[in-house]
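As provided, structure_28.cif (mmCIF, C-alpha atoms) reads as follows.
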data_target
#
loop_
_atom_site.group_PDB
_atom_site.id
_atom_site.type_symbol
_atom_site.label_atom_id
_atom_site.label_comp_id
_atom_site.auth_asym_id
_atom_site.auth_seq_id
_atom_site.Cartn_x
_atom_site.Cartn_y
_atom_site.Cartn_z
ATOM 1 C CA MET A 1 0.000 0.000 0.000
ATOM 2 C CA SER A 2 1.288 3.444 -0.889
ATOM 3 C CA ILE A 3 2.184 5.765 1.937
ATOM 4 C CA HIS A 4 0.446 9.131 1.842
ATOM 5 C CA ARG A 5 3.352 11.527 2.306
ATOM 6 C CA HIS A 6 1.442 14.772 2.536
ATOM 7 C CA THR A 7 0.872 15.634 6.201
ATOM 8 C CA HIS A 8 -0.161 19.277 6.113
ATOM 9 C CA ALA A 9 -3.404 19.232 4.095
ATOM 10 C CA LYS A 10 -5.387 21.103 6.754
ATOM 11 C CA LYS A 11 -2.945 23.957 7.171
ATOM 12 C CA GLN A 12 -3.801 27.134 5.314
ATOM 13 C CA VAL A 13 -0.207 28.197 4.827
ATOM 14 C CA PRO A 14 2.068 27.893 1.791
ATOM 15 C CA ALA A 15 4.776 25.256 1.726
ATOM 16 C CA VAL A 16 7.365 28.030 1.374
ATOM 17 C CA ARG A 17 6.935 31.765 1.861
ATOM 18 C CA ALA A 18 9.640 34.354 1.216
ATOM 19 C CA GLU A 19 8.807 37.879 2.334
ATOM 20 C CA HIS A 20 11.013 40.757 1.147
ATOM 21 C CA VAL A 21 14.120 38.587 1.368
ATOM 22 C CA THR A 22 17.476 40.253 0.843
ATOM 23 C CA ILE A 23 20.671 38.262 1.262
ATOM 24 C CA ALA A 24 23.837 40.302 0.935
ATOM 25 C CA PHE A 25 27.496 39.406 1.088
ATOM 26 C CA GLY A 26 29.296 42.616 1.946
ATOM 27 C CA GLN A 27 27.921 45.315 -0.350
ATOM 28 C CA ASN A 28 26.639 42.820 -2.919
ATOM 29 C CA ALA A 29 23.072 41.507 -2.716
ATOM 30 C CA ALA A 30 22.796 37.987 -4.142
ATOM 31 C CA VAL A 31 19.028 38.160 -3.535
ATOM 32 C CA ASP A 32 17.353 41.567 -3.486
ATOM 33 C CA ASP A 33 13.905 42.129 -1.904
ATOM 34 C CA VAL A 34 12.379 38.882 -3.151
ATOM 35 C CA SER A 35 8.880 37.758 -2.176
ATOM 36 C CA PHE A 36 7.070 34.616 -3.354
ATOM 37 C CA GLU A 37 5.054 31.626 -2.220
ATOM 38 C CA VAL A 38 5.292 27.958 -3.119
ATOM 39 C CA LYS A 39 1.776 26.602 -2.951
ATOM 40 C CA GLU A 40 1.231 23.453 -0.979
ATOM 41 C CA GLY A 41 0.691 20.470 -3.259
ATOM 42 C CA SER A 42 2.246 22.188 -6.280
ATOM 43 C CA ILE A 43 5.216 21.471 -8.505
ATOM 44 C CA THR A 44 7.095 24.768 -8.619
ATOM 45 C CA ALA A 45 10.315 25.671 -10.406
ATOM 46 C CA LEU A 46 12.737 28.362 -9.252
ATOM 47 C CA ILE A 47 14.650 29.229 -12.407
ATOM 48 C CA GLY A 48 17.331 31.653 -13.500
ATOM 49 C CA PRO A 49 20.787 31.786 -15.060
ATOM 50 C CA ASN A 50 23.907 30.675 -13.234
ATOM 51 C CA GLY A 51 24.846 33.284 -10.635
ATOM 52 C CA SER A 52 21.277 34.555 -10.295
ATOM 53 C CA GLY A 53 20.921 33.842 -6.563
ATOM 54 C CA LYS A 54 19.081 30.516 -6.876
ATOM 55 C CA THR A 55 21.543 28.609 -4.712
ATOM 56 C CA THR A 56 21.555 31.372 -2.095
ATOM 57 C CA MET A 57 17.750 31.333 -1.994
ATOM 58 C CA LEU A 58 17.752 27.556 -1.790
ATOM 59 C CA ARG A 59 20.132 27.625 1.162
ATOM 60 C CA ALA A 60 17.799 30.055 2.929
ATOM 61 C CA ILE A 61 14.855 27.687 2.384
ATOM 62 C CA LEU A 62 16.919 24.818 3.800
ATOM 63 C CA GLY A 63 17.854 26.916 6.831
ATOM 64 C CA LEU A 64 21.535 27.055 5.874
ATOM 65 C CA GLN A 65 21.723 30.751 4.974
ATOM 66 C CA PRO A 66 20.425 33.591 7.185
ATOM 67 C CA THR A 67 18.661 36.475 5.501
ATOM 68 C CA THR A 68 20.002 40.013 5.702
ATOM 69 C CA LYS A 69 16.460 41.349 5.566
ATOM 70 C CA GLY A 70 13.063 39.704 5.343
ATOM 71 C CA SER A 71 12.093 36.155 6.269
ATOM 72 C CA VAL A 72 11.633 32.650 4.916
ATOM 73 C CA THR A 73 9.156 30.180 6.385
ATOM 74 C CA VAL A 74 8.436 26.531 5.576
ATOM 75 C CA PHE A 75 4.881 25.487 6.420
ATOM 76 C CA GLY A 76 4.679 28.601 8.583
ATOM 77 C CA ARG A 77 7.809 27.842 10.608
ATOM 78 C CA HIS A 78 11.424 28.935 10.558
ATOM 79 C CA PRO A 79 13.386 26.612 8.249
ATOM 80 C CA HIS A 80 15.456 25.353 11.189
ATOM 81 C CA ASP A 81 12.264 24.092 12.814
ATOM 82 C CA ALA A 82 10.938 22.554 9.586
ATOM 83 C CA ARG A 83 13.933 20.529 8.479
ATOM 84 C CA GLY A 84 12.095 17.285 9.196
ATOM 85 C CA ASP A 85 9.489 18.345 6.641
ATOM 86 C CA ILE A 86 12.022 18.838 3.836
ATOM 87 C CA GLY A 87 13.493 16.150 1.618
ATOM 88 C CA TYR A 88 16.529 17.447 -0.273
ATOM 89 C CA VAL A 89 18.234 16.141 -3.409
ATOM 90 C CA PRO A 90 21.549 17.951 -4.067
ATOM 91 C CA GLN A 91 22.865 18.921 -7.489
ATOM 92 C CA ARG A 92 25.963 16.804 -7.130
ATOM 93 C CA PHE A 93 26.449 13.744 -4.974
ATOM 94 C CA GLY A 94 30.101 12.892 -4.603
ATOM 95 C CA PHE A 95 31.114 9.474 -3.327
ATOM 96 C CA ASP A 96 33.698 6.795 -3.972
ATOM 97 C CA ALA A 97 32.111 4.446 -6.500
ATOM 98 C CA GLU A 98 34.386 1.658 -5.230
ATOM 99 C CA PHE A 99 33.126 1.972 -1.658
ATOM 100 C CA PRO A 100 31.304 -1.297 -0.831
ATOM 101 C CA ILE A 101 27.925 0.063 0.239
ATOM 102 C CA THR A 102 24.606 -1.216 -1.081
ATOM 103 C CA VAL A 103 21.620 0.943 -1.982
ATOM 104 C CA GLY A 104 19.747 -0.447 1.018
ATOM 105 C CA GLU A 105 22.595 0.347 3.404
ATOM 106 C CA PHE A 106 22.888 3.828 1.936
ATOM 107 C CA MET A 107 19.174 4.506 2.456
ATOM 108 C CA SER A 108 19.256 3.170 5.998
ATOM 109 C CA LEU A 109 21.642 5.986 6.914
ATOM 110 C CA SER A 110 18.748 8.447 6.562
ATOM 111 C CA ARG A 111 15.990 6.403 8.164
ATOM 112 C CA ARG A 112 14.674 7.759 11.429
ATOM 113 C CA LYS A 113 14.343 5.190 14.166
ATOM 114 C CA ALA A 114 10.979 6.618 15.239
ATOM 115 C CA CYS A 115 9.489 6.448 11.733
ATOM 116 C CA ASP A 116 7.584 3.157 11.614
ATOM 117 C CA SER A 117 6.170 3.933 8.166
ATOM 118 C CA CYS A 118 9.578 4.659 6.619
ATOM 119 C CA SER A 119 10.015 1.742 4.239
ATOM 120 C CA PRO A 120 12.987 1.600 1.843
ATOM 121 C CA ASP A 121 11.020 -0.909 -0.254
ATOM 122 C CA GLN A 122 8.127 1.544 -0.600
ATOM 123 C CA ALA A 123 10.363 4.524 -1.320
ATOM 124 C CA ILE A 124 12.251 2.599 -4.005
ATOM 125 C CA SER A 125 8.966 1.505 -5.578
ATOM 126 C CA ASP A 126 7.652 5.069 -5.492
ATOM 127 C CA VAL A 127 10.546 6.240 -7.675
ATOM 128 C CA GLY A 128 9.993 3.457 -10.201
ATOM 129 C CA LEU A 129 12.907 1.195 -9.318
ATOM 130 C CA PRO A 130 12.709 -2.552 -8.587
ATOM 131 C CA VAL A 131 13.017 -3.462 -4.929
ATOM 132 C CA GLY A 132 15.898 -5.762 -5.836
ATOM 133 C CA ILE A 133 18.107 -2.748 -6.461
ATOM 134 C CA LEU A 134 18.417 -2.350 -2.680
ATOM 135 C CA SER A 135 20.968 -5.177 -2.692
ATOM 136 C CA GLU A 136 23.069 -3.683 -5.503
ATOM 137 C CA ARG A 137 26.154 -1.602 -4.883
ATOM 138 C CA LEU A 138 25.597 2.126 -5.017
ATOM 139 C CA GLY A 139 28.646 2.585 -7.258
ATOM 140 C CA SER A 140 27.220 0.264 -9.926
ATOM 141 C CA LEU A 141 24.178 2.444 -10.687
ATOM 142 C CA SER A 142 23.700 4.551 -13.788
ATOM 143 C CA GLY A 143 23.288 8.321 -13.440
ATOM 144 C CA GLY A 144 19.523 8.072 -13.806
ATOM 145 C CA GLN A 145 19.263 5.246 -11.280
ATOM 146 C CA LEU A 146 21.399 7.145 -8.778
ATOM 147 C CA GLN A 147 19.194 10.226 -9.082
ATOM 148 C CA ARG A 148 16.124 8.096 -8.355
ATOM 149 C CA VAL A 149 17.837 6.529 -5.347
ATOM 150 C CA LEU A 150 18.639 10.011 -4.039
ATOM 151 C CA ILE A 151 14.952 10.917 -4.372
ATOM 152 C CA ALA A 152 13.980 7.687 -2.613
ATOM 153 C CA GLN A 153 16.351 8.562 0.219
ATOM 154 C CA ALA A 154 14.905 12.097 0.364
ATOM 155 C CA ILE A 155 11.306 10.846 0.671
ATOM 156 C CA LEU A 156 12.123 7.975 3.026
ATOM 157 C CA ASN A 157 10.975 9.903 6.106
ATOM 158 C CA ASN A 158 7.768 11.069 4.393
ATOM 159 C CA PRO A 159 8.564 14.792 4.059
ATOM 160 C CA PRO A 160 5.712 16.897 2.629
ATOM 161 C CA LEU A 161 8.218 19.088 0.730
ATOM 162 C CA LEU A 162 10.781 17.763 -1.737
ATOM 163 C CA VAL A 163 13.468 20.211 -2.896
ATOM 164 C CA LEU A 164 15.717 19.341 -5.833
ATOM 165 C CA ASP A 165 18.758 21.335 -6.957
ATOM 166 C CA GLU A 166 19.461 20.997 -10.717
ATOM 167 C CA PRO A 167 18.061 17.450 -10.589
ATOM 168 C CA SER A 168 18.728 16.398 -14.192
ATOM 169 C CA THR A 169 22.468 17.157 -14.130
ATOM 170 C CA GLY A 170 24.355 14.211 -15.627
ATOM 171 C CA VAL A 171 21.196 12.384 -16.742
ATOM 172 C CA ASP A 172 20.603 11.625 -20.432
ATOM 173 C CA VAL A 173 17.494 12.788 -22.287
ATOM 174 C CA ALA A 174 15.584 9.521 -21.858
ATOM 175 C CA GLY A 175 16.517 9.337 -18.183
ATOM 176 C CA GLU A 176 15.550 12.956 -17.719
ATOM 177 C CA ALA A 177 12.022 12.373 -19.035
ATOM 178 C CA ALA A 178 11.589 9.345 -16.783
ATOM 179 C CA PHE A 179 12.992 11.307 -13.867
ATOM 180 C CA TYR A 180 10.368 14.029 -14.188
ATOM 181 C CA GLU A 181 7.650 11.385 -14.463
ATOM 182 C CA VAL A 182 8.736 10.221 -11.003
ATOM 183 C CA LEU A 183 8.282 13.740 -9.631
ATOM 184 C CA GLU A 184 4.813 13.975 -11.164
ATOM 185 C CA HIS A 185 3.924 10.622 -9.621
ATOM 186 C CA LEU A 186 5.035 11.723 -6.157
ATOM 187 C CA ASN A 187 3.079 14.945 -6.513
ATOM 188 C CA HIS A 188 -0.115 13.427 -7.914
ATOM 189 C CA GLU A 189 -0.240 10.213 -5.888
ATOM 190 C CA HIS A 190 1.201 11.374 -2.558
ATOM 191 C CA GLY A 191 0.507 15.103 -2.586
ATOM 192 C CA THR A 192 4.204 15.898 -2.173
ATOM 193 C CA THR A 193 5.010 19.543 -2.791
ATOM 194 C CA VAL A 194 7.949 19.688 -5.208
ATOM 195 C CA LEU A 195 10.332 22.642 -5.591
ATOM 196 C CA ILE A 196 12.816 22.319 -8.453
ATOM 197 C CA VAL A 197 15.757 24.726 -8.655
ATOM 198 C CA SER A 198 17.150 24.956 -12.180
ATOM 199 C CA HIS A 199 18.805 27.202 -14.773
ATOM 200 C CA ASP A 200 17.082 25.418 -17.679
ATOM 201 C CA VAL A 201 13.348 25.671 -18.384
ATOM 202 C CA SER A 202 13.204 23.491 -21.502
ATOM 203 C CA VAL A 203 11.922 20.420 -19.633
ATOM 204 C CA ILE A 204 10.846 22.051 -16.377
ATOM 205 C CA ALA A 205 8.080 24.020 -18.112
ATOM 206 C CA LYS A 206 6.325 20.804 -19.129
ATOM 207 C CA ILE A 207 5.543 19.606 -15.642
ATOM 208 C CA VAL A 208 5.399 22.571 -13.250
ATOM 209 C CA ASP A 209 2.304 24.385 -12.010
ATOM 210 C CA GLU A 210 4.161 27.571 -11.131
ATOM 211 C CA VAL A 211 7.459 29.108 -12.150
ATOM 212 C CA LEU A 212 9.496 31.682 -10.219
ATOM 213 C CA CYS A 213 12.014 33.631 -12.310
ATOM 214 C CA LEU A 214 14.946 34.861 -10.249
ATOM 215 C CA ASN A 215 17.889 37.013 -11.234
ATOM 216 C CA ARG A 216 18.746 38.743 -7.957
ATOM 217 C CA LYS A 217 15.180 40.067 -8.065
ATOM 218 C CA LEU A 218 11.992 38.157 -8.823
ATOM 219 C CA LEU A 219 11.379 39.004 -12.481
ATOM 220 C CA CYS A 220 8.292 36.886 -13.168
ATOM 221 C CA ALA A 221 6.041 34.384 -11.420
ATOM 222 C CA GLY A 222 2.970 32.342 -12.226
ATOM 223 C CA PRO A 223 1.895 29.442 -14.471
ATOM 224 C CA PRO A 224 4.513 28.820 -17.188
ATOM 225 C CA ALA A 225 2.178 29.717 -20.053
ATOM 226 C CA LYS A 226 1.688 33.179 -18.573
ATOM 227 C CA ALA A 227 4.964 33.861 -16.785
ATOM 228 C CA LEU A 228 7.401 32.762 -19.478
ATOM 229 C CA SER A 229 6.738 35.410 -22.079
ATOM 230 C CA GLN A 230 9.391 36.322 -24.622
ATOM 231 C CA LYS A 231 10.175 39.548 -22.764
ATOM 232 C CA ALA A 232 10.228 37.951 -19.319
ATOM 233 C CA VAL A 233 12.632 35.211 -20.335
ATOM 234 C CA SER A 234 14.851 37.655 -22.268
ATOM 235 C CA ASP A 235 15.003 39.844 -19.163
ATOM 236 C CA LEU A 236 15.731 36.808 -17.013
ATOM 237 C CA TYR A 237 18.614 35.456 -19.072
ATOM 238 C CA GLY A 238 19.831 38.792 -20.402
ATOM 239 C CA GLN A 239 19.918 37.618 -23.980
ATOM 240 C CA ALA A 240 17.740 36.878 -26.989
ATOM 241 C CA VAL A 241 15.852 33.622 -26.568
ATOM 242 C CA ASP A 242 13.167 31.772 -28.454
ATOM 243 C CA VAL A 243 9.960 30.931 -26.621
ATOM 244 C CA TYR A 244 7.645 28.640 -28.481
ATOM 245 C CA GLU A 245 4.521 26.658 -27.619
ATOM 246 C CA HIS A 246 4.076 22.912 -27.614
ATOM 247 C CA SER A 247 1.278 20.931 -25.964
ATOM 248 C CA SER A 248 0.097 24.123 -24.234
ATOM 249 C CA HIS A 249 3.438 24.585 -22.465
ATOM 250 C CA PRO A 250 6.117 27.114 -23.391
ATOM 251 C CA PHE A 251 9.652 26.056 -24.045
ATOM 252 C CA VAL A 252 12.753 28.172 -24.109
ATOM 253 C CA HIS A 253 15.766 27.735 -26.316
ATOM 254 C CA HIS A 254 18.925 29.694 -25.748
ATOM 255 C CA SER A 255 22.427 28.999 -26.967
ATOM 256 C CA HIS A 256 24.370 30.670 -24.143
ATOM 257 C CA ARG A 257 23.675 30.278 -20.427
ATOM 258 C CA GLY A 258 24.089 33.108 -18.010
ATOM 259 C CA SER A 259 27.051 33.152 -15.709
#
Rewritten as C-alpha cells:
Amino acid sequence: MSIHRHTHAKKQVPAVRAEHVTIAFGQNAAVDDVSFEVKEGSITALIGPNGSGKTTMLRAILGLQPTTKGSVTVFGRHPHDARGDIGYVPQRFGFDAEFPITVGEFMSLSRRKACDSCSPDQAISDVGLPVGILSERLGSLSGGQLQRVLIAQAILNNPPLLVLDEPSTGVDVAGEAAFYEVLEHLNHEHGTTVLIVSHDVSVIAKIVDEVLCLNRKLLCAGPPAKALSQKAVSDLYGQAVDVYEHSSHPFVHHSHRGS
C-alpha cells in the first residue's frame, strides 16, 4: 500500500513563503527584496541563469543561509524548525564508487528510528525502481538510477516538501524524461510539494504548475504559459531567446547560459 506523504493538508499556509528577502554578502546583494510563495501540493520551479541567486535562496529555504532582511518560512515555521518536513536532493552527490555500500545500506543511513512507516522498499517503488536494487552496490548504478535513489532517500521519512537542486544534471534525455515522471507521480499520488531549482526551463516548463524567475530580483512568477513570455525570459537570461509553444506549455531555447 502506498504511503500518503502529505501531512499538512489542513494547514492554510504555503509550503514556502519568502517575504522581502534580501541576502547580501558585503555590499553585494545575491538576492534583493524577493517575495514569493510555493503553494502546498504544487510542482514549482525556481529558475534563473547561473549566478542569479538561486543557490543562495535555496540555502535560505533549507535553513543554511540567514537572511540580511526579510524572512523565509516553511509550512509557517522557521526553516530550522521545519527541516524534518524537507526532503533534499543535491545537485551533485560525490562518493567513492568503489566503496562497498549497497543501496539499502545507503538509504538506511537516513531512516529515522521513530518512523515506523519509513520503508525503503516503498520509497524505491515510489521512484519506479525494482526493490531488488536495494541489494546492488551504489557505485554500480547509472546516473539516472542514482538520481532516483537520491529521491527515494529524500522521501524515506515522508517529508511533505521535496526540494531538488538541478536534478537532471548528468542524466541523459531519456533518463531525464523518466525522472520528471517520477516527480509527477510523487506529486499526484502522494501530494508531495515539489520545488525544483534549475537554470534550464526546456523540460521544467512541461511539468510545473508555477514558475518563479529569479535574477537577484523576482522578475516573473505564475503558471509557465503566462509567466514565461518572450520579454520575461529575455530579461531573465539577459539575452535573446526563443519561446515557443508545444502541448500548451512554453519552451525556451537559448544557446548561451548566463554566468
Between CA of Lys226 (chain A) and CA of Asn50 (chain A) - distance in Å to one decimal: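 Atom-to-atom, CA of Asn50 (chain A) to CA of Lys226 (chain A), that is 23.0 Å.
Here the PyMOL selection byres ((chain A and resi 22) around 8) matches the residues A:His20, A:Val21, A:Ile23, A:Ala24, A:Ala29, A:Ala30, A:Val31, A:Asp32, A:Asp33, A:Val34, A:Thr67, A:Thr68, A:Lys69, A:Gly70.
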Any chance you could export the current selection's C-alpha atoms as an mmCIF file, in the coordinates of the input?
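Output saved as result_28.cif:
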data_model
loop_
_atom_site.group_PDB
_atom_site.id
_atom_site.type_symbol
_atom_site.label_atom_id
_atom_site.label_comp_id
_atom_site.auth_asym_id
_atom_site.auth_seq_id
_atom_site.Cartn_x
_atom_site.Cartn_y
_atom_site.Cartn_z
ATOM 1 C CA HIS A 20 11.013 40.757 1.147
ATOM 2 C CA VAL A 21 14.120 38.587 1.368
ATOM 3 C CA ILE A 23 20.671 38.262 1.262
ATOM 4 C CA ALA A 24 23.837 40.302 0.935
ATOM 5 C CA ALA A 29 23.072 41.507 -2.716
ATOM 6 C CA ALA A 30 22.796 37.987 -4.142
ATOM 7 C CA VAL A 31 19.028 38.160 -3.535
ATOM 8 C CA ASP A 32 17.353 41.567 -3.486
ATOM 9 C CA ASP A 33 13.905 42.129 -1.904
ATOM 10 C CA VAL A 34 12.379 38.882 -3.151
ATOM 11 C CA THR A 67 18.661 36.475 5.501
ATOM 12 C CA THR A 68 20.002 40.013 5.702
ATOM 13 C CA LYS A 69 16.460 41.349 5.566
ATOM 14 C CA GLY A 70 13.063 39.704 5.343
#
Enumerate, as number ranges by chain, the residues matched when the PyMOL selection byres ((chain A and resi 53) around 10) is run on the file above. A: 23, 29-32, 47-52, 54-59, 214-217
If I put a ball of radius 12 Å at (19.0, 9.6, -10.4) in the file's coordinates, which residues poke into it when counting only C-alpha atoms, written as a PyMOL selection string? chain A and resi 89-93+124+127-129+138+141-154+164+166-172+174-180+182-183
Target residues per the PyMOL selection byres ((chain A and resi 139) around 8), formatted as a list in words: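 This file gives the following for the PyMOL selection byres ((chain A and resi 139) around 8): Asp96, Ala97, Glu98, Phe99, Pro100, Ile101, Arg137, Leu138, Ser140 and Leu141 of chain A.
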Hey, which of A:Val72, A:Val38, A:Ala232, A:Ala18 ends up closest to Val163 (chain A)? Count only C-alpha atoms. A:Val38
Rounded to one decimal in Å, what is the spacing between CA of Asp165 (chain A) and CA of Ser198 (chain A)? 6.6 Å
Between CA of Val16 (chain A) and CA of Arg77 (chain A), what is the distance in Å, rounded to a tenth? 9.2 Å
Pick out the closest residue to Met107 (chain A) from this set: A:Glu189, A:Asp85, A:Asp121, A:Glu184. Count all atoms listed in the file.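 Comparing A:Glu189, A:Asp85, A:Asp121, A:Glu184 against Met107 (chain A), the winner is A:Asp121.
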